[in-house]
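Each remark here refers to the structure printed beneath this line.
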Amino acid sequence: MKPRALMIGFAFVLGESILEAQPVPPTSVLKTYGTNFQTLHVGAAAFHPSTDAHDYGFEPIYSGYLMNGATGATYVAPLTLPAGAQIHALCAYLSDSSEENVNVFLSKARLIPGGFDPGTDAVGFLSSSWDTGFGVVCADVVPPYTYTEVGDQDGVFLAHYLWAYLPQAAGIGGVKVIYRLQVSPPPVVATFADVPAGHLFHPFVEALAGSGITAGCGSGNYCPDQPLTRGQMAAFLSKALGLHWPY
Amino acid sequence: MASLGSRSGVVGIFLCAAAAVAQAQTAVVVAAPAVADSFGPQAQELFVGAAAFQHLNNSSGYEIDWTSDGYLGYTDESFIGVFVAPLVLPVGAEISMVCTYFFDTASGGKVTTWLDAVRLGQGGVSPGVVPVFGPVEFDTVFGYDVTCSESSYTFRNAADLDGDGYPESLVHRLRVEMTETGEGRLALGGVNVVWRRQVSPAPATPSFGDVPTSHPFFQFIEALKASGITGGCGNGNYCPNQPLTRGQMAAFLSKALGLHWTY
C-alpha cells in the first residue's frame with residue numbers, strides 16, 4: 001500500500017495541468033479498468049436546472065457549454081461510479097464573466113426510510129478564481145472519497161450528484177471526475193481454509209468469492225497454488241464479466 | 001451490424017423509461033449520463049432513451065408521452081427542436097453505427113442526428129463543438145421508423161481535433177434536430193449506439209525485459225501493466241510463459257475489476 005506516493009504522483013499530474021495549462025499528453029491512455037487513475041467526463045448535457053425557475057441553453061455550435069441566463073442558478077448532474085471507486089479530484093471546465101465565483105460540489109444525498117430527515121453532504125468542492133473567459137479549475141478531494149451507495153447506517157442509501165452554481169452569464173462545459181478502482185478490504189474471517197488472513201492473495205481471493213466468481217476447489221479450500229487450466233480460466237472470466245449476451 | 005434482437009430490448013427500455021417519468025412528474029427530472037460498461041471486443045449496443053435528452057434552448061412545449069410510446073416530442077404541430085443527451089463510453093470504444101428511432105404522425109418531417117465531441121476550453125484553447133458523426137438527415141414518413149448510419153469514431157476523453165499538436169479534453173453529446181413542417185407530431189424515441197471495445201495500441205518501448213515488442217502477447221501485457229493490473233513477476237520481467245496459479249488469477253481479476261465491494 002503506497003497511497004502517499006500515489007497521491008504525490010497524482011498531484012504532480014494535476015499541478016501540471018493546472019499551472020502550465022497543458023492538456024493531457026497523448027501517451028496517457030485513460031483506463032476503464034484496473035487500479036490506476038482514470039477519468040469520467042460528465043458533459044454539460046448531463047446537467048439540468050435544479051429548480052423549475054431557470055433560464056439557460058446549450059451553445060449549439062460555438063462551445064457546446066451550458067450557459068446560464070440572467071440570474072444565478074444551480075444545475076445538477078447525477079454521478080454513478082463503481083462501488084469502491086476512490087475519488088481523488090474534480091476538474092470543472094467553466095466560462096465565467098462575472099465577479100462572482102462559479103462553485104461546483106460533489107455531494108452525497110442520504111435517502112433515509114422511516115421518517116428521518118434526509119440530507120446532503122458535500123464531499124468535494126471547487127470554485128472558480130478568474131474574472132473572464134474559459135478555463136479549468138481542479139481541486140483535490142481531501143481525503144479521497146470512496147464512492148459507495150449504502151451509508152454507514154442501516155438502510156441509508158446514498159445518491160451522488162454534481163452541483164454547479166453558475167452566476168449570471170456563466171457557463172459549464174463539463175466536470176472531470178478523477179478516480180481509481182480499489183480491491184475491497186478483506187473480511188476478518190477467511191472464507192477458505194488454505195487462504196487465511198495474511199495470505200499473500202487473501203484480499204484478492206476474498207474479492208472473487210464475495211463476487212460469486214469462485215466457490216473454491218472443494219472441501220472449503222481455494223487451492224491458491226494449483227496451476228490454472230484454460231478451462232478454469234474460461235469459467236473465471238465468463239462469470240466475472242457476465243459474458244456473453246448478444247443483445 | 002445492429003442485431004435483430006435489439007428491438008425487443010428497446011421495448012423493455014421504453015417501458016422502464018415511461019415508468020420512471022410517471023413517478024417523476026412533480027420533481028425535476030434528472031437524466032443519468034448514459035454509461036455503457038460491458039465487456040469484450042465484440043459489438044454491443046447502448047440505447048440512449050428519450051428520457052436522457054433535454055432541449056438545447058430549454059424551450060417549452062414538448063413532453064415525453066409516457067402514457068403510450070415513451071417518445072419525446074412537441075405537443076404542438078410545426079416546430080423545430082434540438083435535443084441533446086450526454087454520452088459516455090469507455091475510452092477506446094469504436095462506434096460502428098448510430099441509429100435514431102422516431103415517430104411521425106404525418107409525413108414531411110426531418111430528423112437529423114449528430115454525435116458531438118465538445119472540446120473544453122483551457123489554457124488559451126477555446127471551446128468548440130466538433131461533430132464526429134453526422135449530420136445524418138432522414139426525411140420522415142408516417143409511422144415509427146429508425147434510421148441508421150455507420151461510423152468509425154473511436155471514443156476518447158482527449159484528442160487533438162484541431163491539429164495544433166496538443167490534445168484537448170472532450171465531452172460527448174448526442175444531438176438530434178427534429179423539424180416538422182407539416183401537420184404531424186414528430187417525436188424521438190432514442191438513439192442506439194453500436195460500439196465495441198478495443199485493446200489500446202502498444203507503446204513503443206516495452207515495460208518488461210522478457211516481453212519485447214515482437215512478442216505475440218506484447219500489446220495485451222502492456223495493457224495490463226498500464227491499467228495497474230500487473231507489476232510483473234519481479235526483476236523487470238513478466239514471465240509470460242510461466243503457468244498461472246489460481247491465487248495469481250484471483251489477484252489479476254480482482255484488481256482488473258475493482259472487486260468486491262458489497263455496497
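Residues are referred to by chain and number: the chain letter is A, B, ... according to the order shown in the C-alpha cells, the number counts from 1 in that chain, and ligands are numbered separately from 1 in the order shown.
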
- Message: Residues of chain A were defined as contacting chain B if any atom lay at most 7 Å from it, counting only C-alpha atoms; please report them as a ChimeraX atom specification.
- Response: /A:21-26,30-36,41-43,45-46,48,50-51,56-58,61-64,77-78,83-84,93,134-136,148-150,173-174,181-184,201,204-205,207-208,210-211,223-228,241,247

Given the selection you just returned, output its residues as a file containing C-alpha atoms, formatted as a PDB file, in the first residue's frame.
ATOM      1  CA  ALA A  21      -2.363  24.603 -18.538  1.00  0.00           C
ATOM      2  CA  GLN A  22      -1.095  21.750 -20.669  1.00  0.00           C
ATOM      3  CA  PRO A  23      -3.636  19.201 -21.783  1.00  0.00           C
ATOM      4  CA  VAL A  24      -3.220  15.514 -21.122  1.00  0.00           C
ATOM      5  CA  PRO A  25      -0.295  14.219 -23.187  1.00  0.00           C
ATOM      6  CA  PRO A  26      -1.246  11.831 -25.984  1.00  0.00           C
ATOM      7  CA  LEU A  30      -7.223   6.659 -19.943  1.00  0.00           C
ATOM      8  CA  LYS A  31      -8.299   3.351 -18.446  1.00  0.00           C
ATOM      9  CA  THR A  32     -11.650   1.899 -17.682  1.00  0.00           C
ATOM     10  CA  TYR A  33     -10.392  -0.984 -15.561  1.00  0.00           C
ATOM     11  CA  GLY A  34      -7.553  -1.624 -13.216  1.00  0.00           C
ATOM     12  CA  THR A  35      -6.349   0.215 -10.158  1.00  0.00           C
ATOM     13  CA  ASN A  36      -4.648   3.115 -11.921  1.00  0.00           C
ATOM     14  CA  HIS A  41     -16.051  13.082 -18.190  1.00  0.00           C
ATOM     15  CA  VAL A  42     -19.503  14.368 -17.267  1.00  0.00           C
ATOM     16  CA  GLY A  43     -20.508  16.668 -20.118  1.00  0.00           C
ATOM     17  CA  ALA A  45     -25.599  17.891 -21.472  1.00  0.00           C
ATOM     18  CA  ALA A  46     -25.805  15.795 -18.282  1.00  0.00           C
ATOM     19  CA  HIS A  48     -30.222  20.007 -15.582  1.00  0.00           C
ATOM     20  CA  SER A  50     -32.201  22.119 -10.049  1.00  0.00           C
ATOM     21  CA  THR A  51     -35.439  24.098  -9.913  1.00  0.00           C
ATOM     22  CA  TYR A  56     -30.372  28.521 -19.781  1.00  0.00           C
ATOM     23  CA  GLY A  57     -29.356  26.913 -23.034  1.00  0.00           C
ATOM     24  CA  PHE A  58     -26.614  24.880 -24.630  1.00  0.00           C
ATOM     25  CA  ILE A  61     -22.126  25.073 -32.240  1.00  0.00           C
ATOM     26  CA  TYR A  62     -19.675  27.510 -30.759  1.00  0.00           C
ATOM     27  CA  SER A  63     -18.743  25.970 -27.438  1.00  0.00           C
ATOM     28  CA  GLY A  64     -21.340  23.360 -26.512  1.00  0.00           C
ATOM     29  CA  ALA A  77     -25.996  16.066 -12.820  1.00  0.00           C
ATOM     30  CA  PRO A  78     -26.183  12.579 -11.334  1.00  0.00           C
ATOM     31  CA  ALA A  83     -18.727   0.881  -5.622  1.00  0.00           C
ATOM     32  CA  GLY A  84     -15.320   1.339  -4.042  1.00  0.00           C
ATOM     33  CA  TYR A  93     -14.455  23.435 -17.295  1.00  0.00           C
ATOM     34  CA  PHE A 134     -12.881  29.965 -20.451  1.00  0.00           C
ATOM     35  CA  GLY A 135     -10.806  27.963 -18.035  1.00  0.00           C
ATOM     36  CA  VAL A 136     -10.466  24.849 -15.966  1.00  0.00           C
ATOM     37  CA  THR A 148     -20.477   3.775  -2.041  1.00  0.00           C
ATOM     38  CA  GLU A 149     -24.211   3.630  -2.430  1.00  0.00           C
ATOM     39  CA  VAL A 150     -25.010   2.481   1.090  1.00  0.00           C
ATOM     40  CA  GLY A 173     -18.620  22.622 -20.304  1.00  0.00           C
ATOM     41  CA  GLY A 174     -18.272  19.592 -18.094  1.00  0.00           C
ATOM     42  CA  LEU A 181     -10.821   1.434  -8.525  1.00  0.00           C
ATOM     43  CA  GLN A 182      -9.835  -0.429  -5.387  1.00  0.00           C
ATOM     44  CA  VAL A 183      -9.918  -4.053  -4.347  1.00  0.00           C
ATOM     45  CA  SER A 184     -12.258  -4.313  -1.364  1.00  0.00           C
ATOM     46  CA  PHE A 201      -3.542 -13.399  -2.049  1.00  0.00           C
ATOM     47  CA  PHE A 204      -7.969 -10.965  -3.931  1.00  0.00           C
ATOM     48  CA  VAL A 205      -9.353 -14.443  -3.294  1.00  0.00           C
ATOM     49  CA  ALA A 207     -12.931 -10.464  -3.572  1.00  0.00           C
ATOM     50  CA  LEU A 208     -13.575 -13.254  -6.075  1.00  0.00           C
ATOM     51  CA  GLY A 210     -17.576 -12.272  -2.487  1.00  0.00           C
ATOM     52  CA  SER A 211     -18.451 -11.538  -6.092  1.00  0.00           C
ATOM     53  CA  CYS A 223      -6.107 -24.216  -3.829  1.00  0.00           C
ATOM     54  CA  PRO A 224      -4.256 -20.939  -4.476  1.00  0.00           C
ATOM     55  CA  ASP A 225      -1.027 -22.655  -5.584  1.00  0.00           C
ATOM     56  CA  GLN A 226      -2.664 -25.016  -8.054  1.00  0.00           C
ATOM     57  CA  PRO A 227      -1.995 -24.134 -11.688  1.00  0.00           C
ATOM     58  CA  LEU A 228      -4.930 -22.713 -13.557  1.00  0.00           C
ATOM     59  CA  LEU A 241     -17.704 -10.349 -16.795  1.00  0.00           C
ATOM     60  CA  TYR A 247     -28.068  -8.114 -27.200  1.00  0.00           C
TER      61      TYR A 247
END

- Item | Near-A:Ser128 list (9 Å; only C-alpha atoms; drop same-chain fewer than 2 positions) as a list in words |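 The residues satisfying every condition are Ala92, Leu94, Asp96, Glu100, Asn101, Val102, Asn103, Val104, Leu126, Trp130, Asp131, Gly135, Val136 and Val137 of chain A.
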
- Task: Would you work out the distance separating atom CA of A:Ala169 from atom CA of A:Leu66, expressed in Å to one decimal?
- Result: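 The value is 10.0 Å.
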
- Query: Running DSSP on the backbone, which parts of stretch 36-191 of chain B land in strand (DSSP E or B), as a PyMOL selection string?
  - Reply: chain B and resi 44-49+54-55+62-64+72-74+79-88+94-104+109-119+122+125+128-139+143-154+158-159+168-180+186-191

- Query: Would you give me, as a list of chain:residue names, the residues in stretch 98-247 of chain A that DSSP reads as helix (DSSP H, G or I)?
  - Reply: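 Across stretch 98-247 of chain A, those assigned helix (DSSP H, G or I) are A:His202, A:Pro203, A:Phe204, A:Val205, A:Glu206, A:Ala207, A:Leu208, A:Ala209, A:Gly210, A:Arg230, A:Gly231, A:Gln232, A:Met233, A:Ala234, A:Ala235, A:Phe236, A:Leu237, A:Ser238, A:Lys239, A:Ala240, A:Leu241.
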
Just the selected residues (N, CA and C atoms), exported as a PDB file, in the first residue's frame, please.
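Saved file result_23.pdb follows:
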ATOM      1  N   HIS A 202      -4.873 -13.166   0.012  1.00  0.00           N
ATOM      2  CA  HIS A 202      -6.138 -13.179   0.746  1.00  0.00           C
ATOM      3  C   HIS A 202      -7.144 -12.134   0.268  1.00  0.00           C
ATOM      4  N   PRO A 203      -6.776 -10.836   0.135  1.00  0.00           N
ATOM      5  CA  PRO A 203      -7.795  -9.868  -0.301  1.00  0.00           C
ATOM      6  C   PRO A 203      -8.371 -10.199  -1.678  1.00  0.00           C
ATOM      7  N   PHE A 204      -7.531 -10.723  -2.549  1.00  0.00           N
ATOM      8  CA  PHE A 204      -7.969 -10.965  -3.931  1.00  0.00           C
ATOM      9  C   PHE A 204      -8.881 -12.187  -4.021  1.00  0.00           C
ATOM     10  N   VAL A 205      -8.521 -13.239  -3.287  1.00  0.00           N
ATOM     11  CA  VAL A 205      -9.353 -14.443  -3.294  1.00  0.00           C
ATOM     12  C   VAL A 205     -10.704 -14.149  -2.637  1.00  0.00           C
ATOM     13  N   GLU A 206     -10.690 -13.367  -1.552  1.00  0.00           N
ATOM     14  CA  GLU A 206     -11.962 -12.995  -0.913  1.00  0.00           C
ATOM     15  C   GLU A 206     -12.817 -12.152  -1.857  1.00  0.00           C
ATOM     16  N   ALA A 207     -12.178 -11.298  -2.635  1.00  0.00           N
ATOM     17  CA  ALA A 207     -12.931 -10.464  -3.572  1.00  0.00           C
ATOM     18  C   ALA A 207     -13.637 -11.319  -4.621  1.00  0.00           C
ATOM     19  N   LEU A 208     -12.939 -12.358  -5.097  1.00  0.00           N
ATOM     20  CA  LEU A 208     -13.575 -13.254  -6.075  1.00  0.00           C
ATOM     21  C   LEU A 208     -14.722 -14.033  -5.434  1.00  0.00           C
ATOM     22  N   ALA A 209     -14.493 -14.530  -4.226  1.00  0.00           N
ATOM     23  CA  ALA A 209     -15.549 -15.300  -3.550  1.00  0.00           C
ATOM     24  C   ALA A 209     -16.754 -14.408  -3.271  1.00  0.00           C
ATOM     25  N   GLY A 210     -16.484 -13.186  -2.808  1.00  0.00           N
ATOM     26  CA  GLY A 210     -17.576 -12.272  -2.487  1.00  0.00           C
ATOM     27  C   GLY A 210     -18.390 -11.884  -3.702  1.00  0.00           C
ATOM     28  N   ARG A 230      -6.799 -23.821 -18.752  1.00  0.00           N
ATOM     29  CA  ARG A 230      -7.524 -22.941 -19.675  1.00  0.00           C
ATOM     30  C   ARG A 230      -9.030 -23.060 -19.477  1.00  0.00           C
ATOM     31  N   GLY A 231      -9.483 -24.242 -19.097  1.00  0.00           N
ATOM     32  CA  GLY A 231     -10.900 -24.425 -18.831  1.00  0.00           C
ATOM     33  C   GLY A 231     -11.346 -23.607 -17.630  1.00  0.00           C
ATOM     34  N   GLN A 232     -10.565 -23.648 -16.550  1.00  0.00           N
ATOM     35  CA  GLN A 232     -10.910 -22.851 -15.375  1.00  0.00           C
ATOM     36  C   GLN A 232     -10.868 -21.361 -15.695  1.00  0.00           C
ATOM     37  N   MET A 233      -9.889 -21.002 -16.494  1.00  0.00           N
ATOM     38  CA  MET A 233      -9.774 -19.594 -16.922  1.00  0.00           C
ATOM     39  C   MET A 233     -11.052 -19.139 -17.620  1.00  0.00           C
ATOM     40  N   ALA A 234     -11.600 -19.984 -18.482  1.00  0.00           N
ATOM     41  CA  ALA A 234     -12.837 -19.628 -19.185  1.00  0.00           C
ATOM     42  C   ALA A 234     -13.971 -19.408 -18.195  1.00  0.00           C
ATOM     43  N   ALA A 235     -14.056 -20.262 -17.173  1.00  0.00           N
ATOM     44  CA  ALA A 235     -15.129 -20.114 -16.184  1.00  0.00           C
ATOM     45  C   ALA A 235     -14.949 -18.826 -15.381  1.00  0.00           C
ATOM     46  N   PHE A 236     -13.723 -18.570 -14.929  1.00  0.00           N
ATOM     47  CA  PHE A 236     -13.461 -17.347 -14.163  1.00  0.00           C
ATOM     48  C   PHE A 236     -13.877 -16.107 -14.956  1.00  0.00           C
ATOM     49  N   LEU A 237     -13.390 -16.026 -16.190  1.00  0.00           N
ATOM     50  CA  LEU A 237     -13.613 -14.810 -16.978  1.00  0.00           C
ATOM     51  C   LEU A 237     -15.077 -14.625 -17.331  1.00  0.00           C
ATOM     52  N   SER A 238     -15.725 -15.702 -17.768  1.00  0.00           N
ATOM     53  CA  SER A 238     -17.110 -15.524 -18.213  1.00  0.00           C
ATOM     54  C   SER A 238     -18.019 -15.216 -17.032  1.00  0.00           C
ATOM     55  N   LYS A 239     -17.709 -15.775 -15.848  1.00  0.00           N
ATOM     56  CA  LYS A 239     -18.515 -15.432 -14.677  1.00  0.00           C
ATOM     57  C   LYS A 239     -18.192 -14.011 -14.207  1.00  0.00           C
ATOM     58  N   ALA A 240     -16.932 -13.645 -14.235  1.00  0.00           N
ATOM     59  CA  ALA A 240     -16.548 -12.316 -13.756  1.00  0.00           C
ATOM     60  C   ALA A 240     -17.193 -11.214 -14.585  1.00  0.00           C
ATOM     61  N   LEU A 241     -17.249 -11.413 -15.896  1.00  0.00           N
ATOM     62  CA  LEU A 241     -17.704 -10.349 -16.795  1.00  0.00           C
ATOM     63  C   LEU A 241     -19.148 -10.517 -17.241  1.00  0.00           C
TER      64      LEU A 241
END

- Message: Give me, as a list in words, all polymer residues having an atom no more than 12 Å from B:Pro206, counting only C-alpha atoms and skipping those fewer than 5 positions away in the same chain.
- Response: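 Near B:Pro206, the qualifying residues are Val211, Pro212, Thr213, Ser214, His215, Phe217, Phe218, Gln219, Phe220, Ile221, Glu222, Ala223, Lys225, Ala226, Gly236, Asn237 and Tyr238 of chain B.
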
- Query: If you count only C-alpha atoms, which residues fall within 6 Å of B:Gly109, apart from same-chain ones fewer than 5 positions away, as a VMD selection string?
  - Reply: chain B and resid 139 to 140 179 to 180
